>>> print(open('query06.txt').read())   # compact mmCIF, C-alpha atoms
# COMPACT_ATOMS: atom_id res chain seq x y z
CA LEU Q 1 11.05 64.22 72.41
CA ASP Q 2 13.52 63.38 75.16
CA PRO Q 3 11.78 60.96 77.58
CA VAL Q 4 13.85 62.18 80.53
CA SER Q 5 13.08 65.83 79.82
CA LEU Q 6 9.41 64.99 79.28
CA SER Q 7 9.22 63.10 82.55
CA THR Q 8 10.87 65.98 84.37
CA GLY Q 9 8.38 68.44 82.88
CA VAL Q 10 5.41 66.34 84.02
CA ARG Q 11 6.76 65.87 87.54
CA ALA Q 12 7.67 69.55 87.82
CA MET Q 13 4.10 70.53 86.94
CA PHE Q 14 2.62 68.38 89.69
CA LEU Q 15 5.26 69.13 92.36
CA MET Q 16 6.65 65.61 92.19
CA LEU Q 17 10.32 66.59 91.94
CA THR Q 18 12.34 65.72 95.02
CA PRO Q 19 14.45 68.37 96.79
CA ASN Q 20 17.54 66.30 96.07
CA GLU Q 21 17.09 66.30 92.28
CA SER Q 22 15.95 69.92 92.01
CA SER Q 23 18.47 71.71 94.24
CA PHE Q 24 21.43 73.35 92.55
CA GLN Q 25 24.50 75.27 93.65
CA LYS Q 26 24.69 77.52 90.59
CA VAL Q 27 21.96 79.36 88.71
CA GLU Q 28 23.50 78.20 85.44
CA ASP Q 29 22.70 74.60 86.40
CA VAL Q 30 18.98 75.17 86.94
CA PRO Q 31 16.99 73.50 84.14
CA GLN Q 32 14.39 75.38 82.15
CA TYR Q 33 11.51 73.39 83.60
CA VAL Q 34 8.93 75.54 81.82
CA GLN Q 35 10.60 74.85 78.50
CA GLN Q 36 10.78 71.12 79.24
CA ALA Q 37 7.07 71.15 80.02
CA THR Q 38 6.08 72.62 76.64
CA PRO Q 39 5.28 69.19 75.12
CA VAL Q 40 3.26 68.45 78.26
CA PHE Q 41 1.28 71.65 77.71
CA VAL Q 42 0.47 70.59 74.17
CA GLY Q 43 -0.42 67.02 75.18
CA LEU Q 44 -2.74 68.08 77.99
CA MET Q 45 -4.44 70.68 75.80
CA LEU Q 46 -5.13 68.04 73.15
CA LEU Q 47 -6.41 65.68 75.86
CA GLU Q 48 -8.68 68.42 77.23
CA LEU Q 49 -9.97 69.07 73.72
CA LEU Q 50 -10.77 65.37 73.21
CA VAL Q 51 -12.35 64.83 76.63
CA GLY Q 52 -14.32 68.05 76.25
CA VAL Q 53 -15.82 66.90 72.96
CA LEU Q 54 -16.66 63.46 74.39
CA LYS Q 55 -18.11 64.90 77.58
CA THR Q 56 -19.99 67.95 76.29
CA GLY Q 57 -20.30 67.34 72.56
CA ALA Q 58 -18.59 70.64 71.83
CA SER Q 59 -15.03 71.95 71.66
CA VAL Q 60 -13.80 73.58 74.87
CA ILE Q 61 -11.07 75.42 72.92
CA THR Q 62 -11.65 77.77 69.99
CA ILE Q 63 -8.89 78.55 67.49
CA GLY Q 64 -9.02 82.33 67.80
CA ASP Q 65 -9.04 82.43 71.58
CA GLY Q 66 -6.61 79.53 71.95
CA LEU Q 67 -3.98 80.94 69.59
CA THR Q 68 -4.27 84.36 71.19
CA SER Q 69 -3.55 82.78 74.57
CA LEU Q 70 -0.61 80.75 73.24
CA SER Q 71 0.83 83.81 71.48
CA ALA Q 72 0.56 85.81 74.71
CA GLY Q 73 2.39 83.03 76.53
CA MET Q 74 5.27 83.12 74.06
CA ILE Q 75 5.55 86.90 74.18
CA SER Q 76 5.49 86.91 77.98
CA ARG Q 77 8.68 84.83 78.08
CA LEU Q 78 10.74 87.41 76.18
CA PRO Q 79 11.66 89.55 79.24
CA LEU Q 80 12.57 86.39 81.14
CA GLY Q 81 15.09 87.14 83.88
CA CYS Q 82 13.74 90.37 85.43
CA GLU Q 83 12.75 88.65 88.66
CA LEU Q 84 15.95 86.62 88.88
CA SER Q 85 18.29 89.53 88.06
CA ALA Q 86 16.87 91.75 90.80
CA TYR Q 87 16.89 88.81 93.20
CA MET Q 88 20.55 88.05 92.53
CA TYR Q 89 21.51 91.68 93.07
CA VAL Q 90 19.93 91.72 96.54
CA TRP Q 91 21.45 88.33 97.31
CA ASN Q 92 24.95 89.40 96.30
CA TRP Q 93 24.94 92.66 98.24
CA TYR Q 94 22.41 92.49 101.07
CA ARG Q 95 21.81 88.90 102.18
CA LEU Q 96 21.68 88.43 105.94
CA VAL Q 97 22.17 84.67 106.13
CA GLU Q 98 22.89 81.95 103.59
CA LEU Q 99 20.63 78.94 103.84
CA PRO Q 100 22.29 75.74 102.58
CA TRP Q 101 21.41 75.16 98.93
CA ASP Q 102 21.38 71.36 99.34
CA SER Q 103 19.02 71.22 102.33
CA ALA Q 104 15.49 69.85 102.01
CA TRP Q 105 14.42 72.40 104.63
CA THR Q 106 15.61 75.22 102.38
CA TRP Q 107 13.73 73.68 99.46
CA TRP Q 108 10.41 73.42 101.31
CA PHE Q 109 10.81 76.84 102.94
CA THR Q 110 11.33 78.37 99.50
CA LEU Q 111 8.28 76.58 98.05
CA VAL Q 112 6.09 78.17 100.73
CA GLY Q 113 7.94 81.51 100.57
CA VAL Q 114 7.59 81.86 96.80
CA ASP Q 115 3.91 80.96 96.98
CA PHE Q 116 3.35 83.53 99.74
CA GLY Q 117 5.12 86.12 97.60
CA TYR Q 118 3.00 85.13 94.62
CA TYR Q 119 -0.19 85.66 96.62
CA TRP Q 120 0.77 89.29 97.18
CA VAL Q 121 2.01 89.73 93.60
CA HIS Q 122 -1.36 88.48 92.42
CA ARG Q 123 -3.50 90.38 94.90
CA THR Q 124 -1.72 93.66 94.26
CA ALA Q 125 -2.09 93.13 90.51
CA HIS Q 126 -5.86 93.15 91.06
CA GLU Q 127 -5.97 96.05 93.52
CA VAL Q 128 -3.66 98.59 91.82
CA SER Q 129 -4.82 99.76 88.41
CA ILE Q 130 -1.41 100.25 86.80
CA LEU Q 131 -0.52 96.68 87.79
CA TRP Q 132 -3.91 95.44 86.66
CA ALA Q 133 -3.08 96.91 83.24
CA ALA Q 134 -0.54 94.10 82.93
CA HIS Q 135 -2.46 91.31 84.64
CA GLN Q 136 -5.75 91.92 82.84
CA VAL Q 137 -4.22 90.10 79.87
CA HIS Q 138 -4.58 86.83 81.76
CA HIS Q 139 -8.25 87.53 82.49
CA SER Q 140 -9.19 88.76 79.02
CA SER Q 141 -10.31 85.37 77.73
CA GLU Q 142 -14.01 84.61 78.00
CA TYR Q 143 -13.17 80.90 77.98
CA TYR Q 144 -11.61 78.81 80.73
CA ASN Q 145 -9.35 76.06 79.48
CA LEU Q 146 -5.69 75.08 79.56
CA THR Q 147 -4.75 77.61 76.88
CA THR Q 148 -5.97 80.36 79.23
CA ALA Q 149 -3.15 79.45 81.62
CA LEU Q 150 -0.63 80.54 79.00
CA ARG Q 151 -2.30 83.91 78.34
CA GLN Q 152 0.26 85.96 80.24
CA SER Q 153 1.39 89.58 80.24
CA LEU Q 154 4.51 90.93 78.57
CA THR Q 155 4.92 93.61 81.24
CA GLN Q 156 3.98 91.99 84.56
CA GLN Q 157 7.50 90.70 85.23
CA PHE Q 158 8.76 94.27 85.37
CA THR Q 159 7.05 94.76 88.75
CA SER Q 160 6.41 91.30 90.22
CA TRP Q 161 10.07 90.86 91.26
CA ILE Q 162 9.62 93.34 94.11
CA PHE Q 163 7.53 90.94 96.17
CA TYR Q 164 10.13 88.17 96.13
CA LEU Q 165 13.07 90.27 97.33
CA PRO Q 166 12.67 89.42 101.06
CA LEU Q 167 13.56 85.82 100.18
CA ALA Q 168 16.85 87.06 98.71
CA LEU Q 169 18.02 87.90 102.22
CA ALA Q 170 18.47 84.18 102.91
CA VAL Q 171 17.50 81.85 100.04
CA PRO Q 172 20.16 81.05 97.39
CA PRO Q 173 19.17 82.23 93.87
CA PRO Q 174 19.27 78.71 92.31
CA ILE Q 175 16.62 77.46 94.75
CA PHE Q 176 14.51 80.54 94.10
CA ALA Q 177 14.86 80.02 90.33
CA VAL Q 178 13.60 76.45 90.69
CA HIS Q 179 10.52 77.40 92.71
CA LEU Q 180 9.65 80.38 90.56
CA GLN Q 181 9.19 77.89 87.73
CA LEU Q 182 7.44 75.21 89.80
CA ASN Q 183 4.93 77.76 91.07
CA LEU Q 184 4.16 78.82 87.51
CA LEU Q 185 3.91 75.25 86.21
CA TYR Q 186 1.52 74.13 88.94
CA GLN Q 187 -0.93 76.82 87.89
CA PHE Q 188 -1.21 75.43 84.36
CA TRP Q 189 -3.40 72.40 85.01
CA ILE Q 190 -5.87 74.23 87.28
CA HIS Q 191 -7.21 76.17 84.27
CA THR Q 192 -9.90 73.70 83.24
CA GLU Q 193 -13.63 73.17 83.65
CA LEU Q 194 -13.35 69.40 83.26
CA ILE Q 195 -12.05 68.76 86.80
CA ARG Q 196 -14.91 69.60 89.13
CA ASP Q 197 -13.88 68.75 92.71
CA LEU Q 198 -10.79 67.25 94.38
CA GLY Q 199 -12.25 66.53 97.80
CA PRO Q 200 -10.07 67.22 100.87
CA LEU Q 201 -7.32 68.72 98.69
CA GLU Q 202 -9.62 71.72 98.21
CA TRP Q 203 -8.91 72.82 101.79
CA VAL Q 204 -5.19 73.35 101.26
CA PHE Q 205 -4.39 73.56 97.56
CA ASN Q 206 -5.47 75.84 94.78
CA THR Q 207 -7.57 73.70 92.45
CA PRO Q 208 -9.55 74.13 89.23
CA LYS Q 209 -12.67 74.67 91.34
CA HIS Q 210 -11.11 77.54 93.29
CA HIS Q 211 -9.41 79.11 90.31
CA ARG Q 212 -12.57 79.11 88.22
CA VAL Q 213 -13.97 81.52 90.79
CA HIS Q 214 -10.93 83.75 90.42
CA HIS Q 215 -11.48 84.04 86.65
CA GLY Q 216 -15.17 84.88 86.95
CA ARG Q 217 -16.71 88.30 86.43
CA ASN Q 218 -19.70 87.43 88.62
CA LEU Q 219 -19.95 89.78 91.58
CA TYR Q 220 -19.07 87.01 94.06
CA CYS Q 221 -15.95 86.10 92.04
CA ILE Q 222 -14.25 89.49 91.74
CA ASP Q 223 -11.00 89.85 93.70
CA LYS Q 224 -11.14 86.34 95.18
CA ASN Q 225 -8.86 83.27 95.35
CA TYR Q 226 -5.43 84.74 94.58
CA GLY Q 227 -3.37 81.73 95.72
CA GLY Q 228 -0.88 80.05 93.41
CA ILE Q 229 -0.23 76.59 94.82
CA LEU Q 230 -1.84 76.99 98.24
CA ILE Q 231 -5.33 78.34 98.88
CA ILE Q 232 -4.59 78.78 102.59
CA TRP Q 233 -3.42 82.37 101.99
CA ASP Q 234 -6.90 83.33 100.80
CA ARG Q 235 -8.49 81.61 103.77
CA LEU Q 236 -6.12 83.48 106.12
CA PHE Q 237 -6.45 86.93 104.54
CA GLY Q 238 -10.18 86.93 103.80
CA THR Q 239 -10.09 86.67 100.01
CA PHE Q 240 -11.51 83.15 99.65
CA ALA Q 241 -14.80 82.36 97.91
CA GLN Q 242 -16.46 79.03 97.15
CA GLU Q 243 -17.74 78.27 93.66
CA GLY Q 244 -21.46 79.03 93.55
CA ASP Q 245 -23.54 80.27 90.63
CA LYS Q 246 -22.36 79.47 87.11
CA VAL Q 247 -19.11 81.32 86.53
CA ILE Q 248 -19.02 83.75 83.60
CA TYR Q 249 -15.41 84.29 82.57
CA GLY Q 250 -13.50 87.28 81.31
CA LEU Q 251 -13.17 90.97 82.02
CA VAL Q 252 -16.02 93.00 83.49
CA PHE Q 253 -15.97 94.95 80.22
CA PRO Q 254 -15.09 92.36 77.51
CA ILE Q 255 -12.67 93.60 74.84
CA ASN Q 256 -14.07 91.36 72.06
CA THR Q 257 -10.86 90.98 70.08
CA PHE Q 258 -8.05 88.49 69.54
CA GLU Q 259 -5.56 91.16 68.42
CA ILE Q 260 -2.59 90.37 70.63
CA VAL Q 261 -1.02 93.85 70.79
CA TYR Q 262 -4.34 95.35 71.83
CA VAL Q 263 -4.89 92.61 74.40
CA GLN Q 264 -1.47 93.32 75.92
CA LEU Q 265 -1.48 97.12 75.97
CA HIS Q 266 -4.99 98.56 75.67
CA TYR Q 267 -5.53 99.09 79.40
CA TYR Q 268 -2.52 101.40 79.72
CA LEU Q 269 -4.06 103.69 77.11
CA TYR Q 270 -7.42 103.45 78.86
CA LEU Q 271 -5.89 104.57 82.18
CA TRP Q 272 -4.17 107.52 80.52
CA ARG Q 273 -7.36 108.67 78.84
CA ARG Q 274 -9.39 108.16 81.99
CA SER Q 275 -6.94 110.13 84.15
CA SER Q 276 -7.11 113.04 81.70
CA THR Q 277 -10.84 113.42 82.42
CA TYR Q 278 -10.16 114.34 86.06
CA GLN Q 279 -9.26 117.84 87.20
CA THR Q 280 -7.26 117.31 90.39
CA ILE Q 281 -3.79 115.79 90.67
CA SER Q 282 -5.10 113.51 93.42
CA ASP Q 283 -7.78 112.01 91.20
CA LYS Q 284 -5.38 111.66 88.29
CA LEU Q 285 -2.90 109.72 90.45
CA SER Q 286 -5.68 107.67 92.03
CA THR Q 287 -6.61 106.42 88.57
CA PHE Q 288 -3.27 104.60 88.43
CA ILE Q 289 -2.68 103.53 92.03
CA LYS Q 290 -6.16 102.63 93.27
CA GLY Q 291 -8.38 99.75 92.22
CA PRO Q 292 -9.76 99.30 88.69
CA SER Q 293 -13.31 99.96 89.98
CA TRP Q 294 -12.32 103.15 91.81
CA LYS Q 295 -14.16 106.39 91.13
CA PRO Q 296 -13.91 109.76 92.92
CA GLY Q 297 -15.71 109.56 96.23
CA LYS Q 298 -15.42 105.76 96.42
CA SER Q 299 -13.18 103.56 98.58
CA TRP Q 300 -9.70 102.47 97.44
CA LEU Q 301 -11.00 99.44 95.52
CA GLY Q 302 -14.17 101.13 94.37
CA ASP Q 303 -17.64 99.62 94.38
CA HIS Q 304 -18.02 96.41 92.37
CA ASP Q 305 -21.80 96.90 92.44
CA ASP Q 306 -21.25 99.60 89.83
CA ASN Q 307 -20.00 96.99 87.35
CA PRO Q 308 -22.30 95.48 84.69
CA LYS Q 309 -24.50 92.74 86.12
CA VAL Q 310 -23.92 89.15 85.02
CA THR Q 311 -27.06 87.44 83.70
CA GLY Q 312 -25.63 84.01 82.94
CA LYS Q 313 -26.64 84.36 79.28
CA GLU Q 314 -23.44 86.07 78.10
CA VAL Q 315 -22.02 84.73 74.82
CA PRO Q 316 -18.21 84.75 74.38
CA HIS Q 317 -16.66 86.55 71.43
CA TYR Q 318 -16.38 83.92 68.69
CA PRO Q 319 -15.93 85.10 65.07
CA ARG Q 320 -16.47 82.39 62.46
CA TRP Q 321 -13.48 81.54 60.26
CA SER Q 322 -13.38 79.56 57.05
CA LEU Q 323 -11.58 76.20 57.11
CA HIS Q 324 -8.67 77.34 54.92
CA LEU Q 325 -8.18 80.40 57.13
CA GLN Q 326 -8.03 78.19 60.21
CA VAL Q 327 -5.43 75.95 58.54
CA TYR Q 328 -3.38 78.97 57.47
CA VAL Q 329 -3.30 80.43 60.99
CA VAL Q 330 -2.53 77.11 62.70
CA VAL Q 331 0.34 76.25 60.31
CA HIS Q 332 1.97 79.64 60.75
CA PHE Q 333 1.58 79.45 64.50
CA LEU Q 334 3.19 76.00 64.66
CA LEU Q 335 6.19 77.30 62.71
CA VAL Q 336 6.61 80.06 65.27
CA LEU Q 337 6.13 77.66 68.19
CA PHE Q 338 8.76 75.17 67.01
CA THR Q 339 11.30 77.92 66.35
CA TYR Q 340 10.58 79.54 69.69
CA HIS Q 341 10.98 76.27 71.57
CA ASP Q 342 14.23 75.45 69.78
CA LEU Q 343 15.90 78.81 70.39
CA PHE Q 344 15.17 79.10 74.09
CA GLY Q 345 17.92 77.16 75.82
CA ASN Q 346 17.87 74.49 78.47
CA LYS Q 347 19.48 76.39 81.32
CA MET Q 348 18.66 79.42 83.43
CA VAL Q 349 21.38 81.64 81.99
CA ARG Q 350 21.47 85.40 81.80
CA ILE Q 351 21.49 86.83 78.30
CA ARG Q 352 24.85 87.84 76.87
CA PRO Q 353 25.16 90.37 74.01
CA ILE Q 354 26.03 87.63 71.52
CA GLU Q 355 22.69 85.97 72.26
CA MET Q 356 20.66 89.07 71.47
CA GLY Q 357 20.61 88.08 67.80
CA PHE Q 358 18.80 84.90 68.68
CA LEU Q 359 16.27 86.80 70.78
CA LEU Q 360 15.67 89.25 67.96
CA PHE Q 361 14.95 86.31 65.70
CA VAL Q 362 12.48 85.02 68.26
CA CYS Q 363 10.85 88.44 68.30
CA VAL Q 364 10.48 88.33 64.53
CA CYS Q 365 8.85 84.90 64.82
CA VAL Q 366 6.45 86.16 67.45
CA CYS Q 367 5.67 89.14 65.24
CA VAL Q 368 4.43 86.67 62.64
CA CYS Q 369 1.89 85.54 65.22
CA VAL Q 370 0.99 89.14 65.91
CA CYS Q 371 0.50 89.92 62.23
CA VAL Q 372 -1.68 86.86 61.72
CA CYS Q 373 -3.87 87.87 64.66
CA VAL Q 374 -4.09 91.45 63.37
CA CYS Q 375 -5.10 90.26 59.90
CA VAL Q 376 -7.72 87.93 61.28
CA CYS Q 377 -9.24 90.63 63.47
CA VAL Q 378 -9.14 93.46 60.94
CA ARG Q 379 -9.90 91.41 57.83
CA PRO Q 380 -11.53 88.07 58.65
CA ASP Q 381 -11.50 87.38 54.91
CA PHE Q 382 -7.82 88.30 54.47
CA SER Q 383 -7.01 84.80 53.20
CA ALA Q 384 -8.72 85.77 49.94
CA LEU Q 385 -5.66 87.92 49.23
CA TYR Q 386 -3.66 84.73 48.72
CA VAL Q 387 -6.10 83.04 46.37
>>> encode(input="query06.txt", output="structure tokens")
Amino acid sequence: LDPVSLSTGVRAMFLMLTPNESSFQKVEDVPQYVQQATPVFVGLMLLELLVGVLKTGASVITIGDGLTSLSAGMISRLPLGCELSAYMYVWNWYRLVELPWDSAWTWWFTLVGVDFGYYWVHRTAHEVSILWAAHQVHHSSEYYNLTTALRQSLTQQFTSWIFYLPLALAVPPPIFAVHLQLNLLYQFWIHTELIRDLGPLEWVFNTPKHHRVHHGRNLYCIDKNYGGILIIWDRLFGTFAQEGDKVIYGLVFPINTFEIVYVQLHYYLYLWRRSSTYQTISDKLSTFIKGPSWKPGKSWLGDHDDNPKVTGKEVPHYPRWSLHLQVYVVVHFLLVLFTYHDLFGNKMVRIRPIEMGFLLFVCVCVCVCVCVCVCVCVRPDFSALYV
């Protein structure tokens, strides 16, 4: 572990990098802060596991759910570059002004601008069903811990770039590339139940307390607290909710599986099947462009009162695995993780054809994770095949 890289990853996660050290003239010079923070992810997850056991007497992370989240995080990084490529195109051809790349004012303006863009990325992903089909991956866990932060969608990047394009009219791509990563990294540590309240910081910043509400399927939690770094957007636009009754996490209709391909893609198939049950073109289209709770005759977002009621007694999906099966899955996952981390470079470079071979190899490694998850879900006793 490189101490300098590790320190940078920690400071990037908690917005402690200075504008001077994190402003770059060229996109190629922008560090892969997310990649540098990978050891920090692992360290904090282990710390959360330890503190959780000491504090509650039980593990706050389960192997099946945790590895599904980590696998989703790895897969979600494969289409890396969609947002930046579109941004650079608009910058190159349509920018109106060029803010200085080495100005602290540009740096802070971009921090706020990216977070504002993220608010609308996030809100739209909850209010438009075809976009929710991607984002529901992140909400599919019935647990709330640091691994949940990494449970990301493979397909969400294909649409999220649209909301950041206004910044490309003035903000240099390297500064945007920095803050796109910082915004993502900040949201890692807020996925925990162990931090209860941060006092006055709760008024301005998104915190674990606020984000727990966002992940709840309680009626008061649905479609609330979309902010990334700042919670002020929710306070301004009427989507803020305080934590109240015990939060029950996960989707309104739990999927009860750790099979990663199903987790990623099942909602697209659901929308297609649901649209086919309607007779009019209007209703068929509304299935995709209106809210997930929409039904004919309802408002754009539908009526959340129609969703299953939360009792507070819900039990998360938790299949029991034998010890040797757990060891098998963890060892294979670690092999994938180390290879994945090694092959993804240290700079924000665009992929050249010669590098596609490396990405294909990464895909094969991720497929190992997929196959393990499939085997575990379909045949919980599949390890007997190796005895």
>>> closest_residue(input="query06.txt", among="Q:Glu314, Q:Val327, Q:Ala125, Q:Asp306", to="Q:Phe288", atoms="only C-alpha atoms")
Q:Ala125
>>> residues_around(input="query06.txt", residues="stretch 60-68 of chain Q", least_positions_apart="3", cutoff="7 Å", atoms="all atoms listed in the file", output="JSON, numbers by chain")
{"Q": [49, 52, 71, 72, 141, 145, 147, 258, 260]}
>>> residues_around(input="query06.txt", residues="stretch 31-33 of chain Q", least_positions_apart="6", cutoff="12 Å", atoms="only C-alpha atoms", output="PyMOL selection string")
chain Q and resi 4-15+17+21-24+39-41+77+80-81+174-175+177-186+341+344-349
>>> closest_residue(input="query06.txt", among="Q:Arg151, Q:Lys246, Q:His332, Q:His317", to="Q:His139", atoms="all atoms listed in the file")
Q:Arg151
>>> closest_residue(input="query06.txt", among="Q:Thr239, Q:Gln279, Q:Gln187, Q:Ser153", to="Q:Val263", atoms="only C-alpha atoms")
Q:Ser153
>>> atom_distance(input="query06.txt", atom1="atom CA of Q:Val310", atom2="atom CA of Q:Val137")
20.4 Å
>>> closest_residue(input="query06.txt", among="Q:Ile255, Q:Trp203, Q:Leu146, Q:Glu98", to="Q:Leu47", atoms="only C-alpha atoms")
Q:Leu146
>>> closest_residue(input="query06.txt", among="Q:Asp29, Q:Glu83, Q:Asp102, Q:Asp303", to="Q:Val114", atoms="only C-alpha atoms")
Q:Glu83
>>> residues_around(input="query06.txt", residues="Q:Thr106", least_positions_apart="3", cutoff="9 Å", atoms="only C-alpha atoms", output="JSON, numbers by chain")
{"Q": [19, 99, 100, 101, 102, 103, 109, 110, 111, 171, 172, 175]}
>>> closest_residue(input="query06.txt", among="Q:Tyr119, Q:Trp233, Q:Tyr220, Q:Phe158", to="Q:Cys82", atoms="all atoms listed in the file")
Q:Phe158
>>> atom_distance(input="query06.txt", atom1="atom CA of Q:His266", atom2="atom CA of Q:Pro316")
19.2 Å
>>> atom_distance(input="query06.txt", atom1="atom CA of Q:Ser293", atom2="atom CA of Q:Phe205")
28.9 Å
>>> residues_near_point(input="query06.txt", point="(-3.1, 72.0, 99.5)", cutoff="10 Å", atoms="all atoms listed in the file", output="NGL selection string")
:Q and (200-207 or 229-232)
>>> residues_around(input="query06.txt", residues="Q:His210", least_positions_apart="6", cutoff="12 Å", atoms="only C-alpha atoms", output="number ranges by chain")
Q: 187, 190-193, 195-199, 201-204, 216, 221, 224-232, 234-235, 239-244, 247
>>> write_last_selection(input="query06.txt", atoms="C-alpha atoms", output="PDB file, keeping the file's coordinate frame")
ATOM      1  CA  GLN Q 187      -0.930  76.820  87.890  1.00  0.00           C
ATOM      2  CA  ILE Q 190      -5.870  74.230  87.280  1.00  0.00           C
ATOM      3  CA  HIS Q 191      -7.210  76.170  84.270  1.00  0.00           C
ATOM      4  CA  THR Q 192      -9.900  73.700  83.240  1.00  0.00           C
ATOM      5  CA  GLU Q 193     -13.630  73.170  83.650  1.00  0.00           C
ATOM      6  CA  ILE Q 195     -12.050  68.760  86.800  1.00  0.00           C
ATOM      7  CA  ARG Q 196     -14.910  69.600  89.130  1.00  0.00           C
ATOM      8  CA  ASP Q 197     -13.880  68.750  92.710  1.00  0.00           C
ATOM      9  CA  LEU Q 198     -10.790  67.250  94.380  1.00  0.00           C
ATOM     10  CA  GLY Q 199     -12.250  66.530  97.800  1.00  0.00           C
ATOM     11  CA  LEU Q 201      -7.320  68.720  98.690  1.00  0.00           C
ATOM     12  CA  GLU Q 202      -9.620  71.720  98.210  1.00  0.00           C
ATOM     13  CA  TRP Q 203      -8.910  72.820 101.790  1.00  0.00           C
ATOM     14  CA  VAL Q 204      -5.190  73.350 101.260  1.00  0.00           C
ATOM     15  CA  GLY Q 216     -15.170  84.880  86.950  1.00  0.00           C
ATOM     16  CA  CYS Q 221     -15.950  86.100  92.040  1.00  0.00           C
ATOM     17  CA  LYS Q 224     -11.140  86.340  95.180  1.00  0.00           C
ATOM     18  CA  ASN Q 225      -8.860  83.270  95.350  1.00  0.00           C
ATOM     19  CA  TYR Q 226      -5.430  84.740  94.580  1.00  0.00           C
ATOM     20  CA  GLY Q 227      -3.370  81.730  95.720  1.00  0.00           C
ATOM     21  CA  GLY Q 228      -0.880  80.050  93.410  1.00  0.00           C
ATOM     22  CA  ILE Q 229      -0.230  76.590  94.820  1.00  0.00           C
ATOM     23  CA  LEU Q 230      -1.840  76.990  98.240  1.00  0.00           C
ATOM     24  CA  ILE Q 231      -5.330  78.340  98.880  1.00  0.00           C
ATOM     25  CA  ILE Q 232      -4.590  78.780 102.590  1.00  0.00           C
ATOM     26  CA  ASP Q 234      -6.900  83.330 100.800  1.00  0.00           C
ATOM     27  CA  ARG Q 235      -8.490  81.610 103.770  1.00  0.00           C
ATOM     28  CA  THR Q 239     -10.090  86.670 100.010  1.00  0.00           C
ATOM     29  CA  PHE Q 240     -11.510  83.150  99.650  1.00  0.00           C
ATOM     30  CA  ALA Q 241     -14.800  82.360  97.910  1.00  0.00           C
ATOM     31  CA  GLN Q 242     -16.460  79.030  97.150  1.00  0.00           C
ATOM     32  CA  GLU Q 243     -17.740  78.270  93.660  1.00  0.00           C
ATOM     33  CA  GLY Q 244     -21.460  79.030  93.550  1.00  0.00           C
ATOM     34  CA  VAL Q 247     -19.110  81.320  86.530  1.00  0.00           C
TER      35      VAL Q 247
END
>>> residues_around(input="query06.txt", residues="Q:Pro308", least_positions_apart="6", cutoff="10 Å", atoms="all atoms listed in the file", output="PyMOL selection string")
chain Q and resi 217-219+252-253
